[in-house]
file target.cif (mmCIF, C-alpha atoms)
data_query
loop_
_atom_site.label_atom_id
_atom_site.label_comp_id
_atom_site.auth_asym_id
_atom_site.auth_seq_id
_atom_site.Cartn_x
_atom_site.Cartn_y
_atom_site.Cartn_z
CA MET A 341 6.62 26.47 124.50
CA ASN A 342 3.55 26.53 122.38
CA GLN A 343 1.25 25.31 125.12
CA THR A 344 -1.29 28.08 124.80
CA SER A 345 -3.35 29.32 121.88
CA PRO A 346 -3.55 32.82 120.46
CA ALA A 347 -6.21 35.04 122.03
CA PHE A 348 -7.26 37.43 119.30
CA SER A 349 -9.35 40.51 119.75
CA VAL A 350 -10.31 42.73 116.85
CA ARG A 351 -9.19 46.36 117.08
CA VAL A 352 -7.44 49.09 115.13
CA PRO A 353 -3.68 48.95 115.82
CA ASP A 354 -1.78 52.21 116.35
CA GLY A 355 -1.07 53.84 113.01
CA ASP A 356 -3.56 51.73 111.12
CA VAL A 357 -7.01 52.59 109.81
CA LEU A 358 -8.78 49.24 109.69
CA PRO A 359 -9.55 46.82 112.52
CA ARG A 360 -7.16 43.84 112.60
CA LYS A 361 -6.88 40.70 114.70
CA VAL A 362 -4.43 41.42 117.53
CA CYS A 363 -3.31 38.66 119.91
CA ASP A 364 -3.84 39.69 123.53
CA ARG A 365 -1.19 37.21 124.66
CA CYS A 366 1.73 38.18 122.43
CA GLY A 367 0.77 41.40 120.63
CA PHE A 368 0.99 39.83 117.19
CA ILE A 369 -1.06 41.64 114.55
CA ALA A 370 -2.54 39.16 112.12
CA TYR A 371 -2.86 41.17 108.93
CA GLU A 372 -5.17 39.25 106.68
CA ASN A 373 -5.00 39.70 102.95
CA PRO A 374 -6.86 38.17 100.05
CA LYS A 375 -5.43 34.87 98.92
CA ILE A 376 -4.42 33.86 95.44
CA VAL A 377 -5.53 30.54 93.97
CA VAL A 378 -3.61 29.38 90.91
CA GLY A 379 -4.85 26.58 88.70
CA SER A 380 -5.14 25.29 85.18
CA VAL A 381 -7.47 23.73 82.69
CA VAL A 382 -5.23 20.98 81.35
CA ARG A 383 -6.02 19.61 77.90
CA HIS A 384 -4.85 16.32 76.47
CA GLU A 385 -6.05 14.88 73.17
CA GLY A 386 -9.16 17.04 73.21
CA ARG A 387 -10.15 16.20 76.76
CA VAL A 388 -9.74 17.99 80.06
CA LEU A 389 -8.06 16.66 83.22
CA LEU A 390 -10.18 16.72 86.38
CA CYS A 391 -9.33 15.58 89.91
CA ARG A 392 -11.83 14.10 92.35
CA ARG A 393 -11.11 15.72 95.71
CA ALA A 394 -9.91 13.52 98.58
CA ILE A 395 -10.16 16.36 101.07
CA GLU A 396 -12.73 18.76 102.43
CA PRO A 397 -14.20 21.09 101.41
CA ARG A 398 -16.19 19.30 98.71
CA ARG A 399 -14.63 15.88 99.14
CA GLY A 400 -15.67 13.55 96.31
CA PHE A 401 -16.40 16.37 93.89
CA TRP A 402 -14.44 17.12 90.73
CA THR A 403 -12.13 20.08 90.28
CA ILE A 404 -9.33 21.36 88.10
CA PRO A 405 -5.78 21.19 89.55
CA ALA A 406 -5.60 24.37 91.64
CA GLY A 407 -4.60 25.60 95.06
CA TYR A 408 -3.10 28.42 97.07
CA MET A 409 -0.08 30.13 95.59
CA GLU A 410 2.94 29.81 97.88
CA LEU A 411 5.60 32.39 98.76
CA ASN A 412 8.23 33.20 96.13
CA GLU A 413 6.34 31.58 93.28
CA THR A 414 5.16 33.02 90.02
CA PRO A 415 1.49 32.32 89.23
CA GLU A 416 2.55 30.04 86.36
CA GLY A 417 4.99 28.23 88.63
CA GLY A 418 2.28 27.76 91.24
CA ALA A 419 -0.17 26.35 88.70
CA MET A 420 2.49 23.91 87.50
CA ARG A 421 3.22 22.84 91.10
CA GLU A 422 -0.47 22.26 91.82
CA ALA A 423 -0.85 20.09 88.70
CA ARG A 424 2.17 18.07 89.83
CA GLU A 425 0.97 17.73 93.43
CA GLU A 426 -2.67 16.92 92.75
CA ALA A 427 -2.38 14.97 89.51
CA GLY A 428 1.28 13.99 89.13
CA ALA A 429 1.04 15.94 85.88
CA ALA A 430 3.78 17.79 84.07
CA ILE A 431 2.04 20.59 82.23
CA ALA A 432 2.97 23.32 79.75
CA ILE A 433 1.25 26.62 80.44
CA GLU A 434 -0.24 28.22 77.34
CA ARG A 435 -1.80 31.44 78.56
CA LEU A 436 -3.92 33.12 81.22
CA LEU A 437 -7.50 31.93 80.72
CA ALA A 438 -9.29 33.81 83.49
CA VAL A 439 -9.04 36.04 86.53
CA TYR A 440 -11.91 35.35 88.91
CA SER A 441 -12.62 36.86 92.29
CA VAL A 442 -14.72 35.59 95.16
CA PRO A 443 -14.90 38.60 97.49
CA ARG A 444 -16.92 36.85 100.19
CA ILE A 445 -13.95 34.63 100.92
CA SER A 446 -11.34 37.17 99.75
CA GLN A 447 -10.01 35.03 96.96
CA VAL A 448 -8.53 35.88 93.57
CA GLN A 449 -8.11 33.01 91.14
CA LEU A 450 -5.65 33.02 88.26
CA ILE A 451 -6.55 30.17 85.92
CA PHE A 452 -4.35 29.17 83.00
CA ARG A 453 -4.88 27.10 79.89
CA ALA A 454 -2.33 24.33 79.75
CA ARG A 455 -1.60 21.09 78.01
CA LEU A 456 -0.20 17.86 79.34
CA ALA A 457 3.55 17.78 78.71
CA ALA A 458 4.07 14.10 79.57
CA GLN A 459 1.70 11.14 79.34
CA ASP A 460 1.90 9.93 82.92
CA VAL A 461 -0.44 11.21 85.57
CA ALA A 462 -1.10 9.85 89.07
CA PRO A 463 -3.41 11.08 91.81
CA GLY A 464 -1.71 12.95 94.66
CA ILE A 465 -2.72 12.61 98.32
CA GLU A 466 -5.42 15.26 97.94
CA THR A 467 -6.97 13.41 94.99
CA LEU A 468 -9.14 10.29 94.95
CA GLU A 469 -9.22 9.79 91.22
CA LEU A 470 -8.13 11.42 87.97
CA ARG A 471 -10.00 11.37 84.72
CA PHE A 472 -9.92 13.04 81.32
CA PHE A 473 -13.33 14.26 80.21
CA GLY A 474 -14.53 15.21 76.76
CA ALA A 475 -16.65 18.35 76.51
CA ASP A 476 -19.89 16.36 76.70
CA GLU A 477 -18.74 14.11 79.52
CA ILE A 478 -18.08 16.76 82.20
CA PRO A 479 -19.83 15.69 85.43
CA ARG A 480 -21.71 18.97 85.75
CA ASP A 481 -23.61 17.96 88.88
CA GLU A 482 -20.46 16.87 90.64
CA LEU A 483 -18.16 19.85 90.16
CA ALA A 484 -16.67 21.20 93.37
CA PHE A 485 -16.94 24.97 93.01
CA PRO A 486 -18.70 27.61 90.90
CA SER A 487 -15.38 28.68 89.41
CA VAL A 488 -14.75 25.15 88.12
CA HIS A 489 -17.91 25.53 86.03
CA TRP A 490 -16.74 28.93 84.83
CA ALA A 491 -13.24 27.77 83.94
CA LEU A 492 -14.49 24.77 81.97
CA ASP A 493 -17.02 26.94 80.12
CA HIS A 494 -14.43 29.59 79.40
CA ASP A 495 -11.90 27.02 78.24
CA ARG A 496 -14.49 25.72 75.82
CA GLU A 497 -15.11 29.24 74.53
CA ALA A 498 -11.38 29.70 74.12
CA GLU A 499 -11.18 26.41 72.24
CA ALA A 500 -13.97 27.62 69.98
CA GLY A 501 -11.94 30.67 69.03
CA ALA A 502 -12.71 33.40 71.60
CA PRO A 503 -9.96 36.05 71.57
CA PRO A 504 -7.14 35.41 74.07
CA VAL A 505 -8.43 37.92 76.59
CA PRO A 506 -8.81 36.48 80.08
CA PHE A 507 -12.35 35.96 81.20
CA GLY A 508 -13.66 37.28 84.50
CA ASN A 509 -16.57 36.26 86.68
CA PRO A 510 -19.76 35.66 84.71
CA ALA A 511 -21.98 38.76 84.83
CA GLY A 512 -23.42 39.22 88.28
CA ALA A 513 -21.68 36.18 89.76
CA ALA A 514 -19.66 36.57 92.94
CA GLY A 515 -18.51 32.99 93.12
CA ASP A 516 -20.50 31.89 96.12
CA ARG A 517 -23.39 30.17 94.37
CA MET A 518 -23.45 26.96 92.37
CA PRO A 519 -25.20 27.09 88.97
CA ASP A 520 -28.38 25.72 90.59
CA GLY A 521 -28.46 28.80 92.84
CA ARG A 522 -27.40 27.03 96.01
CA MET A 523 -25.10 29.21 98.11
CA LEU A 524 -22.03 27.36 99.35
CA PRO A 525 -21.22 27.77 103.05
CA VAL A 526 -17.84 29.46 103.47
CA GLY A 527 -16.34 26.20 104.71
CA GLU A 528 -17.21 24.58 101.40
CA PHE A 529 -15.08 26.84 99.30
CA MET B 1304 -2.81 42.73 127.55
CA ASN B 1305 -0.57 43.11 124.55
CA GLN B 1306 2.54 43.84 126.57
CA THR B 1307 4.76 41.26 124.97
CA SER B 1308 5.72 40.61 121.35
CA PRO B 1309 5.33 37.43 119.36
CA ALA B 1310 8.30 35.05 119.53
CA PHE B 1311 8.32 33.23 116.23
CA SER B 1312 10.35 30.19 115.39
CA VAL B 1313 10.24 28.57 111.97
CA ARG B 1314 9.14 24.94 111.89
CA VAL B 1315 6.78 22.55 110.15
CA PRO B 1316 3.46 22.46 112.04
CA ASP B 1317 1.71 19.11 112.55
CA GLY B 1318 -0.12 18.11 109.39
CA ASP B 1319 1.71 20.59 107.21
CA VAL B 1320 4.51 20.08 104.71
CA LEU B 1321 6.27 23.45 104.64
CA PRO B 1322 7.98 25.33 107.48
CA ARG B 1323 5.85 28.15 108.88
CA LYS B 1324 6.36 30.85 111.48
CA VAL B 1325 4.94 29.55 114.77
CA CYS B 1326 4.77 31.77 117.86
CA ASP B 1327 6.42 30.10 120.86
CA ARG B 1328 4.36 32.25 123.22
CA CYS B 1329 0.85 31.65 121.91
CA GLY B 1330 1.06 28.85 119.34
CA PHE B 1331 -0.23 31.03 116.51
CA ILE B 1332 0.78 29.78 113.07
CA ALA B 1333 1.47 32.73 110.79
CA TYR B 1334 0.66 31.35 107.37
CA GLU B 1335 2.18 33.72 104.88
CA ASN B 1336 0.80 33.98 101.41
CA PRO B 1337 1.66 36.07 98.39
CA LYS B 1338 0.03 39.47 98.46
CA ILE B 1339 -2.02 41.10 95.75
CA VAL B 1340 -1.34 44.66 94.65
CA VAL B 1341 -4.11 46.32 92.66
CA GLY B 1342 -3.57 49.52 90.74
CA SER B 1343 -4.39 51.46 87.64
CA VAL B 1344 -2.94 53.55 84.85
CA VAL B 1345 -5.42 56.43 84.86
CA ARG B 1346 -5.73 58.44 81.66
CA HIS B 1347 -7.21 61.91 81.35
CA GLU B 1348 -7.11 63.99 78.18
CA GLY B 1349 -4.21 61.97 76.78
CA ARG B 1350 -2.11 62.16 79.90
CA VAL B 1351 -1.48 59.75 82.78
CA LEU B 1352 -1.98 60.40 86.49
CA LEU B 1353 1.04 59.82 88.72
CA CYS B 1354 1.43 60.24 92.48
CA ARG B 1355 4.63 61.32 94.20
CA ARG B 1356 4.99 59.08 97.24
CA ALA B 1357 4.86 60.66 100.71
CA ILE B 1358 5.82 57.39 102.41
CA GLU B 1359 8.60 54.87 102.38
CA PRO B 1360 9.59 52.83 100.53
CA ARG B 1361 10.64 55.15 97.69
CA ARG B 1362 9.42 58.39 99.27
CA GLY B 1363 9.57 61.23 96.73
CA PHE B 1364 9.38 58.93 93.71
CA TRP B 1365 6.47 58.74 91.30
CA THR B 1366 4.05 55.84 91.06
CA ILE B 1367 0.65 54.91 89.71
CA PRO B 1368 -2.22 54.68 92.24
CA ALA B 1369 -1.83 51.16 93.64
CA GLY B 1370 -1.70 49.27 96.91
CA TYR B 1371 -2.54 46.08 98.72
CA MET B 1372 -5.94 44.59 97.99
CA GLU B 1373 -8.03 44.38 101.16
CA LEU B 1374 -10.33 41.60 102.36
CA ASN B 1375 -13.72 41.21 100.64
CA GLU B 1376 -12.82 43.39 97.67
CA THR B 1377 -12.79 42.63 93.99
CA PRO B 1378 -9.56 43.58 92.21
CA GLU B 1379 -11.41 46.33 90.32
CA GLY B 1380 -12.93 47.61 93.56
CA GLY B 1381 -9.51 47.66 95.19
CA ALA B 1382 -7.97 49.60 92.30
CA MET B 1383 -10.80 52.15 92.52
CA ARG B 1384 -10.27 52.47 96.29
CA GLU B 1385 -6.54 53.04 95.87
CA ALA B 1386 -7.12 55.78 93.27
CA ARG B 1387 -9.55 57.43 95.67
CA GLU B 1388 -7.23 57.14 98.69
CA GLU B 1389 -3.99 58.18 97.02
CA ALA B 1390 -5.26 60.70 94.48
CA GLY B 1391 -8.80 61.61 95.50
CA ALA B 1392 -9.69 60.31 92.06
CA ALA B 1393 -12.93 58.75 90.90
CA ILE B 1394 -11.98 56.40 88.11
CA ALA B 1395 -13.74 54.17 85.61
CA ILE B 1396 -12.01 50.85 85.07
CA GLU B 1397 -11.67 49.94 81.39
CA ARG B 1398 -9.90 46.58 81.41
CA LEU B 1399 -7.08 44.50 82.87
CA LEU B 1400 -3.83 45.88 81.47
CA ALA B 1401 -1.29 43.56 83.09
CA VAL B 1402 -0.61 40.78 85.56
CA TYR B 1403 2.89 41.11 86.98
CA SER B 1404 4.63 39.00 89.60
CA VAL B 1405 7.58 39.78 91.81
CA PRO B 1406 8.41 36.40 93.34
CA ARG B 1407 11.26 37.69 95.51
CA ILE B 1408 8.76 39.63 97.57
CA SER B 1409 5.84 37.27 96.86
CA GLN B 1410 3.72 39.85 95.13
CA VAL B 1411 1.20 39.60 92.30
CA GLN B 1412 0.11 42.86 90.72
CA LEU B 1413 -3.16 43.31 88.85
CA ILE B 1414 -2.97 46.58 86.93
CA PHE B 1415 -5.97 48.04 85.14
CA ARG B 1416 -6.41 50.67 82.46
CA ALA B 1417 -8.78 53.35 83.70
CA ARG B 1418 -9.93 56.85 82.93
CA LEU B 1419 -10.71 59.71 85.23
CA ALA B 1420 -14.46 59.79 85.88
CA ALA B 1421 -14.56 63.23 87.53
CA GLN B 1422 -12.29 66.24 87.11
CA ASP B 1423 -11.29 66.74 90.72
CA VAL B 1424 -8.24 65.06 92.18
CA ALA B 1425 -6.44 65.76 95.44
CA PRO B 1426 -3.38 64.10 97.01
CA GLY B 1427 -4.15 61.69 99.86
CA ILE B 1428 -2.00 61.35 102.98
CA GLU B 1429 0.36 58.91 101.24
CA THR B 1430 0.92 61.34 98.36
CA LEU B 1431 3.06 64.49 98.21
CA GLU B 1432 1.92 65.68 94.81
CA LEU B 1433 -0.22 64.66 91.86
CA ARG B 1434 0.49 65.39 88.25
CA PHE B 1435 -0.74 64.39 84.80
CA PHE B 1436 2.08 63.51 82.45
CA GLY B 1437 2.07 63.27 78.69
CA ALA B 1438 3.89 60.31 77.15
CA ASP B 1439 7.08 62.34 76.65
CA GLU B 1440 6.97 63.95 80.08
CA ILE B 1441 7.14 60.83 82.26
CA PRO B 1442 9.90 61.30 84.89
CA ARG B 1443 11.66 58.09 83.97
CA ASP B 1444 14.50 58.54 86.43
CA GLU B 1445 12.14 59.19 89.29
CA LEU B 1446 9.72 56.29 89.03
CA ALA B 1447 9.31 54.30 92.23
CA PHE B 1448 9.32 50.68 91.10
CA PRO B 1449 10.21 48.55 88.07
CA SER B 1450 6.56 47.66 87.56
CA VAL B 1451 5.65 51.35 87.24
CA HIS B 1452 7.93 51.49 84.21
CA TRP B 1453 6.33 48.34 82.84
CA ALA B 1454 2.78 49.53 83.37
CA LEU B 1455 3.41 52.88 81.69
CA ASP B 1456 5.14 51.19 78.75
CA HIS B 1457 2.37 48.64 78.42
CA ASP B 1458 -0.31 51.29 78.67
CA ARG B 1459 1.36 53.13 75.82
CA GLU B 1460 1.44 49.92 73.76
CA ALA B 1461 -2.25 49.44 74.50
CA GLU B 1462 -2.94 53.04 73.47
CA ALA B 1463 -1.07 52.35 70.22
CA GLY B 1464 -3.42 49.47 69.44
CA ALA B 1465 -1.93 46.36 71.04
CA PRO B 1466 -4.62 43.66 71.40
CA PRO B 1467 -6.45 43.72 74.75
CA VAL B 1468 -4.51 40.80 76.20
CA PRO B 1469 -2.94 41.56 79.59
CA PHE B 1470 0.78 41.99 79.57
CA GLY B 1471 3.05 40.11 81.96
CA ASN B 1472 6.55 40.78 83.23
CA PRO B 1473 8.93 41.84 80.46
CA ALA B 1474 10.98 38.84 79.27
CA GLY B 1475 13.46 37.77 81.93
CA ALA B 1476 12.37 40.43 84.42
CA ALA B 1477 11.48 39.38 87.96
CA GLY B 1478 10.58 42.84 89.17
CA ASP B 1479 13.47 43.41 91.52
CA ARG B 1480 15.70 45.55 89.27
CA MET B 1481 15.19 49.06 87.99
CA PRO B 1482 15.73 49.63 84.24
CA ASP B 1483 19.30 50.78 84.98
CA GLY B 1484 20.02 47.34 86.46
CA ARG B 1485 20.10 48.44 90.08
CA MET B 1486 18.55 45.84 92.36
CA LEU B 1487 16.10 47.29 94.85
CA PRO B 1488 16.52 46.17 98.44
CA VAL B 1489 13.42 44.33 99.64
CA GLY B 1490 12.51 47.23 101.90
CA GLU B 1491 12.30 49.49 98.87
CA PHE B 1492 9.51 47.60 97.19
#
call {"tool": "encode", "arguments": {"input": "target.cif", "output": "structure tokens"}}
result
Amino acid sequence: MNQTSPAFSVRVPDGDVLPRKVCDRCGFIAYENPKIVVGSVVRHEGRVLLCRRAIEPRRGFWTIPAGYMELNETPEGGAMREAREEAGAAIAIERLLAVYSVPRISQVQLIFRARLAAQDVAPGIETLELRFFGADEIPRDELAFPSVHWALDHDREAEAGAPPVPFGNPAGAAGDRMPDGRMLPVGEF
Amino acid sequence: MNQTSPAFSVRVPDGDVLPRKVCDRCGFIAYENPKIVVGSVVRHEGRVLLCRRAIEPRRGFWTIPAGYMELNETPEGGAMREAREEAGAAIAIERLLAVYSVPRISQVQLIFRARLAAQDVAPGIETLELRFFGADEIPRDELAFPSVHWALDHDREAEAGAPPVPFGNPAGAAGDRMPDGRMLPVGEF
């Protein structure tokens, strides 16, 4: 059992209209769909919780607690799980801050505003270090992904009184370039 | 080639923490993630566009133009594609109306408000019939899914001046029961 690997070719299955990956060994059709990332900007005493990534892509860079939504979760439940897994943090979700999309890697991100619901935090196995940053202390040159920049900016706008309408991608941004214009290779997302 | 079928067993792959479907024939790991449905409430001259479904589940029932988001789309682009495919409709997206989740079937729905951008519509192959309904004409007993009820209600609240904050599931609703309390079998979603 399980001594071979799948051998995919790309073709249009019977009754379908788009090409899909079909395994020539077993006939499995690997339907691929966009993935949902759920995460949160977690505030505590006026500062924001960031996690320094212990894993690739972007190991060593700072991010908000976020990750792939799992089966049978709600988005809010997924964001709470990610905060617990990556930062040992119990959080209270306040509202939906933003809906971003990164079409190049087929990703939709649902980012919530949240606050810390209990004092204790502790880095999970995917996290090297946790820190709370004030607005002027954010390590802008060491953020992991474009959408981390966006979420922190949008959270600050929300804090400053922007109406509670979720933000989307900044105008013209598709989520594959850092603020300095550098395009991230797909593997770095 | 492709003369057998996949033989999945459910186990935790090396380096993973959750059980996944692994094919005993080819070793393929079928990671399953929640799926994103994108759709729109399309207004035209004070009425709303509904499609009578030509396919299962819920053949013969009325729905808004909506379907699974495809790879490399934005949510807005996906909602526009679905309106084109199911109703031959060119639409202009106005804003995000609602974010619903149906955890039992691992679905997140992003529903937009839109207006018809060109007069012509024509049923696609998944649609038996198209019709524009005024608020009092909605065929409440013949709507396909709980979230169609929600979206039409929420669109009406938006039309009546509710602030432009996306709605979520009605309180306590998980999306698997019709308004009469009947639970839909999973195959009917």
call {"tool": "resolve_selection", "arguments": {"input": "target.cif", "expression": "the PyMOL selection byres ((chain B) within 7 of (chain A))", "output": "list in words"}}
result
Met1304, Asn1305, Gln1306, Thr1307, Ser1308, Pro1309, Asp1327, Arg1328, Cys1329, Gly1330, Phe1331, Asn1336, Pro1337, Lys1338, Met1372, Glu1373, Leu1374, Asn1375, Glu1376, Thr1377, Ser1404, Pro1406, Arg1407, Ile1408, Ser1409, Pro1467 and Val1468 of chain B
call {"tool": "residues_around", "arguments": {"input": "target.cif", "residues": "Gly1349 in chain B", "least_positions_apart": "3", "cutoff": "12 Å", "atoms": "all atoms listed in the file", "output": "JSON, numbers by chain"}}
result
{"B": [1344, 1345, 1346, 1352, 1417, 1418, 1419, 1435, 1436, 1437, 1438, 1439, 1440, 1458, 1459, 1462]}
call {"tool": "atom_distance", "arguments": {"input": "target.cif", "atom1": "CA of Glu1359 in chain B", "atom2": "CA of Trp1453 in chain B"}}
result
20.7 Å
call {"tool": "residues_around", "arguments": {"input": "target.cif", "residues": "Phe1448 in chain B", "least_positions_apart": "5", "cutoff": "9 Å", "atoms": "all atoms listed in the file", "output": "PDB file with C-alpha atoms, in the frame of the given file"}}
result
ATOM      1  CA  ARG B1361      10.640  55.150  97.690  1.00  0.00           C
ATOM      2  CA  PHE B1364       9.380  58.930  93.710  1.00  0.00           C
ATOM      3  CA  TRP B1365       6.470  58.740  91.300  1.00  0.00           C
ATOM      4  CA  THR B1366       4.050  55.840  91.060  1.00  0.00           C
ATOM      5  CA  GLY B1478      10.580  42.840  89.170  1.00  0.00           C
ATOM      6  CA  ASP B1479      13.470  43.410  91.520  1.00  0.00           C
ATOM      7  CA  ARG B1480      15.700  45.550  89.270  1.00  0.00           C
ATOM      8  CA  MET B1481      15.190  49.060  87.990  1.00  0.00           C
ATOM      9  CA  LEU B1487      16.100  47.290  94.850  1.00  0.00           C
ATOM     10  CA  GLU B1491      12.300  49.490  98.870  1.00  0.00           C
ATOM     11  CA  PHE B1492       9.510  47.600  97.190  1.00  0.00           C
TER      12      PHE B1492
END
call {"tool": "resolve_selection", "arguments": {"input": "target.cif", "expression": "the PyMOL selection byres ((chain A and resi 467-469) around 7)", "output": "list of chain:residue names"}}
result
A:Cys391, A:Arg392, A:Arg393, A:Ala394, A:Glu426, A:Pro463, A:Gly464, A:Ile465, A:Glu466, A:Leu470, A:Arg471
call {"tool": "residues_around", "arguments": {"input": "target.cif", "residues": "Phe1470 in chain B", "least_positions_apart": "4", "cutoff": "7 Å", "atoms": "all atoms listed in the file", "output": "ChimeraX atom specification"}}
result
/B:1400-1402,1457
call {"tool": "atom_distance", "arguments": {"input": "target.cif", "atom1": "CA of Arg351 in chain A", "atom2": "CA of Val377 in chain A"}}
result
28.2 Å
call {"tool": "residues_near_point", "arguments": {"input": "target.cif", "point": "(-18.9, 66.1, 88.7)", "cutoff": "12 Å", "atoms": "all atoms listed in the file", "output": "VMD selection string"}}
result
chain B and resid 1392 to 1394 1419 to 1424
call {"tool": "atom_distance", "arguments": {"input": "target.cif", "atom1": "CA of Ala419 in chain A", "atom2": "CA of Glu434 in chain A"}}
result
11.5 Å
call {"tool": "closest_residue", "arguments": {"input": "target.cif", "among": "B:Leu1353, B:Arg1416, B:Pro1442, B:Asp1317", "to": "Glu1460 in chain B", "atoms": "only C-alpha atoms"}}
result
B:Arg1416
